[in-house]
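Just structure.txt here, compact mmCIF, C-alpha atoms and all ligand atoms:
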```txt
# COMPACT_ATOMS: atom_id res chain seq x y z
CA MET A 1 14.13 51.61 42.69
CA VAL A 2 11.51 53.30 40.53
CA GLU A 3 13.00 55.87 38.15
CA LEU A 4 10.27 58.40 37.35
CA GLU A 5 10.75 60.44 34.19
CA VAL A 6 8.13 63.14 33.91
CA LEU A 7 7.95 64.76 30.47
CA PRO A 8 5.77 67.67 29.38
CA ASP A 9 3.31 65.76 27.20
CA ALA A 10 2.45 62.58 25.30
CA ALA A 11 4.50 63.67 22.27
CA ALA A 12 7.62 63.89 24.43
CA VAL A 13 6.92 60.46 25.93
CA ALA A 14 6.58 58.99 22.43
CA ALA A 15 9.82 60.60 21.23
CA ALA A 16 11.81 59.41 24.26
CA THR A 17 10.38 55.89 23.92
CA ALA A 18 11.26 55.72 20.23
CA GLU A 19 14.80 56.78 21.04
CA ARG A 20 15.15 54.09 23.72
CA ILE A 21 13.87 51.36 21.38
CA THR A 22 16.24 52.49 18.63
CA SER A 23 19.30 52.36 20.83
CA VAL A 24 18.49 48.94 22.32
CA ALA A 25 17.76 47.52 18.85
CA ALA A 26 21.03 48.96 17.52
CA VAL A 27 23.04 46.75 19.87
CA GLY A 28 21.05 43.63 18.98
CA GLY A 29 18.68 43.77 21.95
CA HIS A 30 15.56 41.70 22.57
CA ILE A 31 12.66 44.11 23.03
CA ALA A 32 9.13 43.25 24.17
CA LEU A 33 6.59 45.70 22.81
CA ALA A 34 3.45 46.70 24.69
CA GLY A 35 -0.07 46.77 23.34
CA GLY A 36 -2.86 49.18 24.14
CA SER A 37 -3.02 52.63 22.60
CA THR A 38 -0.30 54.56 24.48
CA PRO A 39 2.78 53.19 22.61
CA GLU A 40 1.26 53.55 19.15
CA ARG A 41 2.64 57.05 18.70
CA ALA A 42 6.16 55.93 19.59
CA TYR A 43 5.92 53.03 17.13
CA ALA A 44 4.88 55.38 14.33
CA LEU A 45 7.94 57.55 15.01
CA LEU A 46 10.16 54.52 14.37
CA ARG A 47 9.17 54.08 10.73
CA ALA A 48 12.37 55.80 9.68
CA ALA A 49 14.57 53.90 12.14
CA ASP A 50 16.98 51.07 11.47
CA LEU A 51 15.90 48.25 13.77
CA HIS A 52 17.35 45.32 11.81
CA ALA A 53 19.77 44.20 14.52
CA GLY A 54 17.05 43.86 17.16
CA ALA A 55 14.34 41.33 17.92
CA MET A 56 10.77 42.39 18.72
CA TRP A 57 8.49 40.43 21.00
CA PHE A 58 5.19 41.22 22.74
CA SER A 59 4.76 41.48 26.51
CA ASP A 60 1.12 40.48 26.05
CA ASP A 61 -1.52 39.99 23.42
CA ARG A 62 -5.14 39.09 23.04
CA ALA A 63 -5.90 35.49 21.96
CA VAL A 64 -7.20 36.57 18.55
CA ALA A 65 -6.01 36.37 14.96
CA PRO A 66 -3.22 38.76 13.94
CA THR A 67 -5.68 40.51 11.65
CA SER A 68 -8.20 41.21 14.44
CA PRO A 69 -8.78 44.82 15.49
CA ASP A 70 -8.10 43.60 19.06
CA SER A 71 -4.62 42.24 18.23
CA ASN A 72 -1.66 44.06 19.79
CA TYR A 73 0.51 42.58 17.03
CA ARG A 74 -1.78 44.15 14.44
CA MET A 75 -1.47 47.56 16.13
CA ALA A 76 2.34 47.34 16.07
CA ALA A 77 2.34 46.04 12.50
CA GLU A 78 0.12 48.84 11.26
CA ALA A 79 1.89 51.55 13.24
CA LEU A 80 5.40 50.37 12.48
CA LEU A 81 6.45 46.90 11.39
CA ASP A 82 4.66 46.82 8.05
CA HIS A 83 6.27 50.14 7.14
CA LEU A 84 9.85 48.97 7.60
CA PRO A 85 11.60 47.79 4.46
CA ALA A 86 13.42 44.44 4.84
CA PRO A 87 16.91 45.90 5.44
CA ARG A 88 15.67 47.93 8.41
CA ARG A 89 13.18 45.40 9.78
CA PRO A 90 13.89 43.57 13.05
CA ARG A 91 13.13 39.91 13.69
CA VAL A 92 9.54 39.79 14.93
CA HIS A 93 8.19 37.12 17.27
CA ARG A 94 4.46 37.45 17.69
CA ILE A 95 2.14 35.62 20.07
CA GLU A 96 0.03 33.18 18.01
CA GLY A 97 -3.28 34.18 19.58
CA GLU A 98 -5.27 32.43 16.88
CA LEU A 99 -4.21 29.06 18.41
CA GLY A 100 -6.06 29.84 21.66
CA ALA A 101 -4.58 31.32 24.82
CA GLU A 102 -3.23 28.08 26.33
CA THR A 103 -1.45 26.82 23.22
CA ALA A 104 -0.18 30.28 22.33
CA ALA A 105 1.24 30.76 25.85
CA ASP A 106 2.98 27.35 25.77
CA ARG A 107 4.48 28.05 22.37
CA TYR A 108 5.59 31.57 23.25
CA GLU A 109 7.27 30.44 26.46
CA ALA A 110 9.11 27.71 24.51
CA LEU A 111 10.22 30.32 21.95
CA VAL A 112 11.44 32.69 24.67
CA ARG A 113 13.52 29.86 26.18
CA ALA A 114 14.83 28.78 22.77
CA GLU A 115 15.97 32.30 21.86
CA LEU A 116 17.04 33.69 25.24
CA GLY A 117 18.05 30.57 27.21
CA GLU A 118 16.73 28.90 30.33
CA ARG A 119 16.94 32.10 32.41
CA PRO A 120 15.70 34.65 29.90
CA SER A 121 16.31 38.33 30.47
CA PHE A 122 14.85 40.80 27.98
CA ASP A 123 16.95 43.87 27.26
CA LEU A 124 13.91 46.12 27.20
CA VAL A 125 10.27 45.39 28.09
CA LEU A 126 7.66 48.03 27.32
CA LEU A 127 4.51 48.08 29.42
CA GLY A 128 1.37 50.17 29.67
CA LEU A 129 -0.75 50.78 32.74
CA GLY A 130 -4.52 50.33 32.91
CA PRO A 131 -6.87 52.51 34.96
CA ASP A 132 -7.29 49.49 37.30
CA ALA A 133 -3.46 49.41 37.66
CA HIS A 134 -3.14 46.24 35.57
CA THR A 135 -0.11 45.90 33.37
CA ALA A 136 0.55 43.55 30.45
CA SER A 137 -2.47 41.23 30.96
CA LEU A 138 -1.95 40.91 34.70
CA PHE A 139 -5.35 42.01 36.00
CA PRO A 140 -6.14 42.57 39.69
CA GLY A 141 -7.44 39.46 41.42
CA LYS A 142 -6.72 37.09 38.50
CA PRO A 143 -4.54 33.98 38.93
CA ALA A 144 -1.92 35.13 36.40
CA VAL A 145 -0.67 37.72 38.93
CA GLN A 146 0.26 34.88 41.32
CA GLU A 147 2.11 32.82 38.69
CA ARG A 148 5.69 32.17 39.78
CA GLU A 149 6.75 29.18 37.62
CA ARG A 150 5.66 30.04 34.11
CA LEU A 151 7.31 32.79 32.06
CA VAL A 152 4.30 33.26 29.80
CA THR A 153 0.78 32.30 30.78
CA ALA A 154 -2.77 32.23 29.51
CA VAL A 155 -5.37 34.56 30.99
CA PRO A 156 -8.73 32.89 30.31
CA GLU A 157 -10.75 35.88 31.59
CA ALA A 158 -9.67 39.45 30.98
CA GLY A 159 -10.33 42.04 33.68
CA LEU A 160 -11.23 44.78 31.19
CA ALA A 161 -12.47 45.13 27.60
CA PRO A 162 -11.86 43.68 25.11
CA TRP A 163 -13.33 40.65 26.86
CA VAL A 164 -11.19 38.06 25.13
CA PRO A 165 -8.65 35.66 26.67
CA ARG A 166 -5.08 36.95 26.79
CA VAL A 167 -1.51 35.70 26.78
CA THR A 168 0.92 37.54 29.02
CA PHE A 169 4.46 37.69 30.35
CA THR A 170 4.38 36.77 34.05
CA LEU A 171 5.98 38.66 36.92
CA PRO A 172 9.05 36.34 36.97
CA LEU A 173 9.78 37.12 33.31
CA LEU A 174 9.07 40.86 33.69
CA ASN A 175 11.24 41.08 36.80
CA ALA A 176 14.14 39.31 35.10
CA ALA A 177 14.40 42.07 32.47
CA ARG A 178 17.41 44.36 32.22
CA GLU A 179 15.03 47.28 31.81
CA VAL A 180 11.28 47.69 32.07
CA LEU A 181 9.88 50.90 30.60
CA VAL A 182 6.31 51.73 31.64
CA LEU A 183 4.56 54.34 29.50
CA VAL A 184 1.68 56.30 30.95
CA THR A 185 -0.07 59.39 29.68
CA GLY A 186 -3.21 61.30 30.59
CA ALA A 187 -4.88 62.46 33.79
CA GLY A 188 -7.20 59.43 33.79
CA LYS A 189 -4.22 57.24 34.71
CA ALA A 190 -2.97 59.45 37.57
CA PRO A 191 -4.65 57.42 40.37
CA ALA A 192 -3.27 54.15 38.93
CA VAL A 193 0.22 55.68 38.70
CA SER A 194 0.12 56.67 42.32
CA ARG A 195 -1.08 53.18 43.37
CA ALA A 196 1.58 51.40 41.33
CA PHE A 197 4.59 53.68 41.72
CA GLY A 198 3.83 56.00 44.66
CA GLU A 199 5.36 55.44 48.07
CA PRO A 200 4.25 53.12 49.50
CA PRO A 201 2.79 51.29 46.51
CA ASP A 202 -0.63 49.63 46.81
CA LEU A 203 0.14 45.92 46.66
CA SER A 204 -3.33 45.07 45.35
CA ALA A 205 -2.19 46.69 42.08
CA PRO A 206 -0.49 44.08 39.83
CA SER A 207 1.84 46.78 38.49
CA ALA A 208 3.13 47.41 42.02
CA HIS A 209 4.84 44.01 41.75
CA VAL A 210 6.85 44.91 38.65
CA ARG A 211 10.20 45.58 40.22
CA PRO A 212 13.06 44.15 38.12
CA GLU A 213 16.13 43.52 40.25
CA PRO A 214 18.89 44.28 39.42
CA GLY A 215 17.31 45.64 36.23
CA ARG A 216 16.00 49.20 35.84
CA LEU A 217 12.36 50.20 36.21
CA VAL A 218 11.73 53.42 34.32
CA VAL A 219 8.26 54.94 34.44
CA MET A 220 7.86 57.52 31.71
CA LEU A 221 4.93 59.85 32.28
CA ASP A 222 3.46 63.05 31.02
CA GLU A 223 2.65 65.77 33.55
CA ALA A 224 -1.02 64.79 33.63
CA ALA A 225 -0.35 61.15 34.52
CA ALA A 226 2.11 62.22 37.23
CA GLY A 227 -0.51 64.50 38.81
CA GLU A 228 -1.17 62.41 41.92
CA LEU A 229 2.43 61.51 42.77
CA ALA A 230 4.05 63.29 45.70
CA ARG A 231 7.10 64.94 44.16
C1 LIG B 1 -3.32 45.26 26.47
C2 LIG B 1 -2.15 45.84 27.18
C3 LIG B 1 -2.42 46.58 28.45
C4 LIG B 1 -2.24 48.05 28.14
C5 LIG B 1 -2.89 48.90 29.21
C6 LIG B 1 -2.85 50.37 28.85
O1 LIG B 1 -3.16 44.32 25.74
O2 LIG B 1 -4.41 45.81 26.66
O3 LIG B 1 -0.92 45.51 26.83
O4 LIG B 1 -1.66 46.21 29.54
O5 LIG B 1 -0.90 48.37 28.02
O6 LIG B 1 -4.22 48.50 29.34
O7 LIG B 1 -3.55 50.54 27.67
P1 LIG B 1 -3.66 51.92 26.93
O8 LIG B 1 -2.30 52.29 26.48
O9 LIG B 1 -4.59 51.66 25.78
O10 LIG B 1 -4.23 52.89 27.93
```
Represent the supplied structure as C-alpha cells.
Amino acid sequence: MVELEVLPDAAAVAAATAERITSVAAVGGHIALAGGSTPERAYALLRAADLHAGAMWFSDDRAVAPTSPDSNYRMAAEALLDHLPAPRRPRVHRIEGELGAETAADRYEALVRAELGERPSFDLVLLGLGPDAHTASLFPGKPAVQERERLVTAVPEAGLAPWVPRVTFTLPLLNAAREVLVLVTGAGKAPAVSRAFGEPPDLSAPSAHVRPEPGRLVVMLDEAAAGELAR
C-alpha cells in the first residue's frame, strides 16, 4: 500500500523528513540517505539533532570521489554530517565511488551484508524521484532495474545528468526495507508522481516497482508534486 502524505510546501516536507530520521536514529536504526537536491533541506535541519545511535548509508551515489561536486556523500556531508560534533554524529558508511562503480558496488554490498546480515532490511530508506520516474539510480530501460540477485549494483550508464556511472541499491534491497520514504517536491515532478504512485501505476517507471512488503512505503509530497494524483 502506498501511503501518500501531502504537505503544504517543501519546508514542511523537509521538517517532517528530519523528524522521521531523528526518531529512527534514536533507536539505533540503519538509515539510507538519498542524493539529489530534494533532501538537502531536511539534512540541514538535522544539524542540531543527536544522531549518534544511528547508522547512515546511501541508497545510491555517483562513482566519483567524495570531494566531487557530483557526490551524494559530499552533499550530505556539507549539508549535515560535517556539522555534527563527534558525540552527536552517527556511524557513516559511504559508497567508495572513487574505486569505480563495479568495485564500489561489490564492496558496499559486502558491507551491507556484514552489518545487517544475509537478509538485510534497512529501518529507513530515503529516495528521491526523477522527472523520468527513476529512483535511486534505477533509470528506465537500464539493466539495474531488472537486477534480482544483487543488493547493490553498478550502473555503467546513467539515464540523466550527471553522466557518470552510478552505484545503487537494487529493488530487492529497497523492497526488503522496513520503511521507504520517497520525497518529492515541485510541480515539475507531478507527472512522475502520478506514473509511479497513481492508480494504476505505470510499470515502465522504475519507481513503480518500489513496493516494500511488509514494510511501509510513504510518499511525502508538497501540494505541487501531488497535483496530478486523483485524490
Ligand atoms: C541521484 C539520486 C536520484 C535523485 C532523483 C531526484 O543520485 O541523482 O539519488 O535518484 O534522488 O534524481 O533528484 P532531485 O532531488 O535533485 O530532484
Centre and edge lengths, as AutoDock Vina command-line options, for the axis-aligned box enclosing every listed atom of ligand LIG 1 (chain B) with 3 Å of padding on each of the six sides, in Å to one decimal?
```
--center_x -2.7 --center_y 48.6 --center_z 27.6 --size_x 9.7 --size_y 14.6 --size_z 9.8
```
Surrounding residues as number ranges by chain, ligand LIG 1 (chain B), max 8 Å, only C-alpha atoms and all ligand atoms
A: 34-39, 59-62, 71-72, 127-131, 134-138, 162, 166, 183-185
d(CA of Ala53 in chain A, CA of Ala18 in chain A) in Å
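Atom-to-atom, CA of Ala53 in chain A to CA of Ala18 in chain A, that is 15.4 Å.
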Which distance in Å separates CA of Glu78 in chain A and CA of Asp123 in chain A, to one decimal?
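The value is 23.7 Å.
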Can you tell me which residues surround Val164 in chain A at a distance of at most 7 Å, considering all atoms listed in the file, apart from same-chain residues fewer than 3 positions away, and format the answer as number ranges by chain?
A: 62-63, 157-158
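When CA of Pro120 in chain A is paired with CA of Leu151 in chain A, their separation reads 8.9 Å.
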Please identify all polymer residues within 10 Å of Val24 in chain A, counting all atoms listed in the file, omitting same-chain residues fewer than 2 positions from it, and present them as a ChimeraX atom specification.
/A:19-22,26-31,51,53-55,123-124
Around the point (8.3, 55.4, 22.5), in the coordinates given by the file, pick out the residues reaching within 10 Å, counting all atoms listed in the file, and return them as a list in words.
Ala10, Ala11, Ala12, Val13, Ala14, Ala15, Ala16, Thr17, Ala18, Glu19, Arg20, Ile21, Thr22, Leu33, Thr38, Pro39, Glu40, Arg41, Ala42, Tyr43, Ala44, Leu45, Leu46, Leu126, Leu181, Leu183 and Met220 of chain A
Residues from the last selection, C-alpha atoms, saved as a JSON list (two decimals), in the frame of the given file:
```json
[["chain", "number", "residue", "atom", "x", "y", "z"],
["A", 10, "ALA", "CA", 2.45, 62.58, 25.30],
["A", 11, "ALA", "CA", 4.50, 63.67, 22.27],
["A", 12, "ALA", "CA", 7.62, 63.89, 24.43],
["A", 13, "VAL", "CA", 6.92, 60.46, 25.93],
["A", 14, "ALA", "CA", 6.58, 58.99, 22.43],
["A", 15, "ALA", "CA", 9.82, 60.60, 21.23],
["A", 16, "ALA", "CA", 11.81, 59.41, 24.26],
["A", 17, "THR", "CA", 10.38, 55.89, 23.92],
["A", 18, "ALA", "CA", 11.26, 55.72, 20.23],
["A", 19, "GLU", "CA", 14.80, 56.78, 21.04],
["A", 20, "ARG", "CA", 15.15, 54.09, 23.72],
["A", 21, "ILE", "CA", 13.87, 51.36, 21.38],
["A", 22, "THR", "CA", 16.24, 52.49, 18.63],
["A", 33, "LEU", "CA", 6.59, 45.70, 22.81],
["A", 38, "THR", "CA", -0.30, 54.56, 24.48],
["A", 39, "PRO", "CA", 2.78, 53.19, 22.61],
["A", 40, "GLU", "CA", 1.26, 53.55, 19.15],
["A", 41, "ARG", "CA", 2.64, 57.05, 18.70],
["A", 42, "ALA", "CA", 6.16, 55.93, 19.59],
["A", 43, "TYR", "CA", 5.92, 53.03, 17.13],
["A", 44, "ALA", "CA", 4.88, 55.38, 14.33],
["A", 45, "LEU", "CA", 7.94, 57.55, 15.01],
["A", 46, "LEU", "CA", 10.16, 54.52, 14.37],
["A", 126, "LEU", "CA", 7.66, 48.03, 27.32],
["A", 181, "LEU", "CA", 9.88, 50.90, 30.60],
["A", 183, "LEU", "CA", 4.56, 54.34, 29.50],
["A", 220, "MET", "CA", 7.86, 57.52, 31.71]]
```
Nearest to His93 in chain A by atom-to-atom distance, counting only C-alpha atoms, from A:Pro212, A:Gly186, A:Pro8, A:Pro66:
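Checking each of A:Pro212, A:Gly186, A:Pro8, A:Pro66 against His93 in chain A, counting only C-alpha atoms, the winner is A:Pro66.
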Residues at most 9 Å from Glu96 in chain A, counting only C-alpha atoms, excluding those fewer than 5 positions away in the same chain, as a list in words?
Asp61, Ala63, Val64, Ala65, Pro66, Ala101, Thr103, Ala104, Ala105, Arg107 and Tyr108 of chain A
Using only C-alpha atoms, pick whichever of A:Ala177, A:Val145, A:Ala205, A:His83 has the shortest atom-to-atom distance to Leu116 in chain A.
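With only C-alpha atoms as the atom set, the closest residue is A:Ala177.
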Nearest residue to Val2 in chain A out of A:Ala32, A:Val219, A:Ala48, A:Ala225, using only C-alpha atoms?
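For Val2 in chain A, the nearest of the candidates is A:Val219.
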As a ChimeraX atom specification, please: the residues near Ala226 in chain A (cut-off 12 Å, all atoms listed in the file, same-chain neighbours under 5 positions excluded).
/A:4-10,183-198,219-221,231
So that I can check the surroundings of range 171-173 of chain A, please list as a ChimeraX atom specification every protein, DNA and RNA residue that reaches within 10 Å of it, counting all atoms listed in the file and ignoring chain neighbours fewer than 6 positions away.
/A:59,109,112,119-122,125,136,138,144-152,206-207,209-212
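Comparing the minimum interatomic distances between Thr153 in chain A and each of A:Leu84, A:Leu203, A:Val167, A:Ala110, counting all atoms listed in the file, we find that A:Val167 sits nearest.
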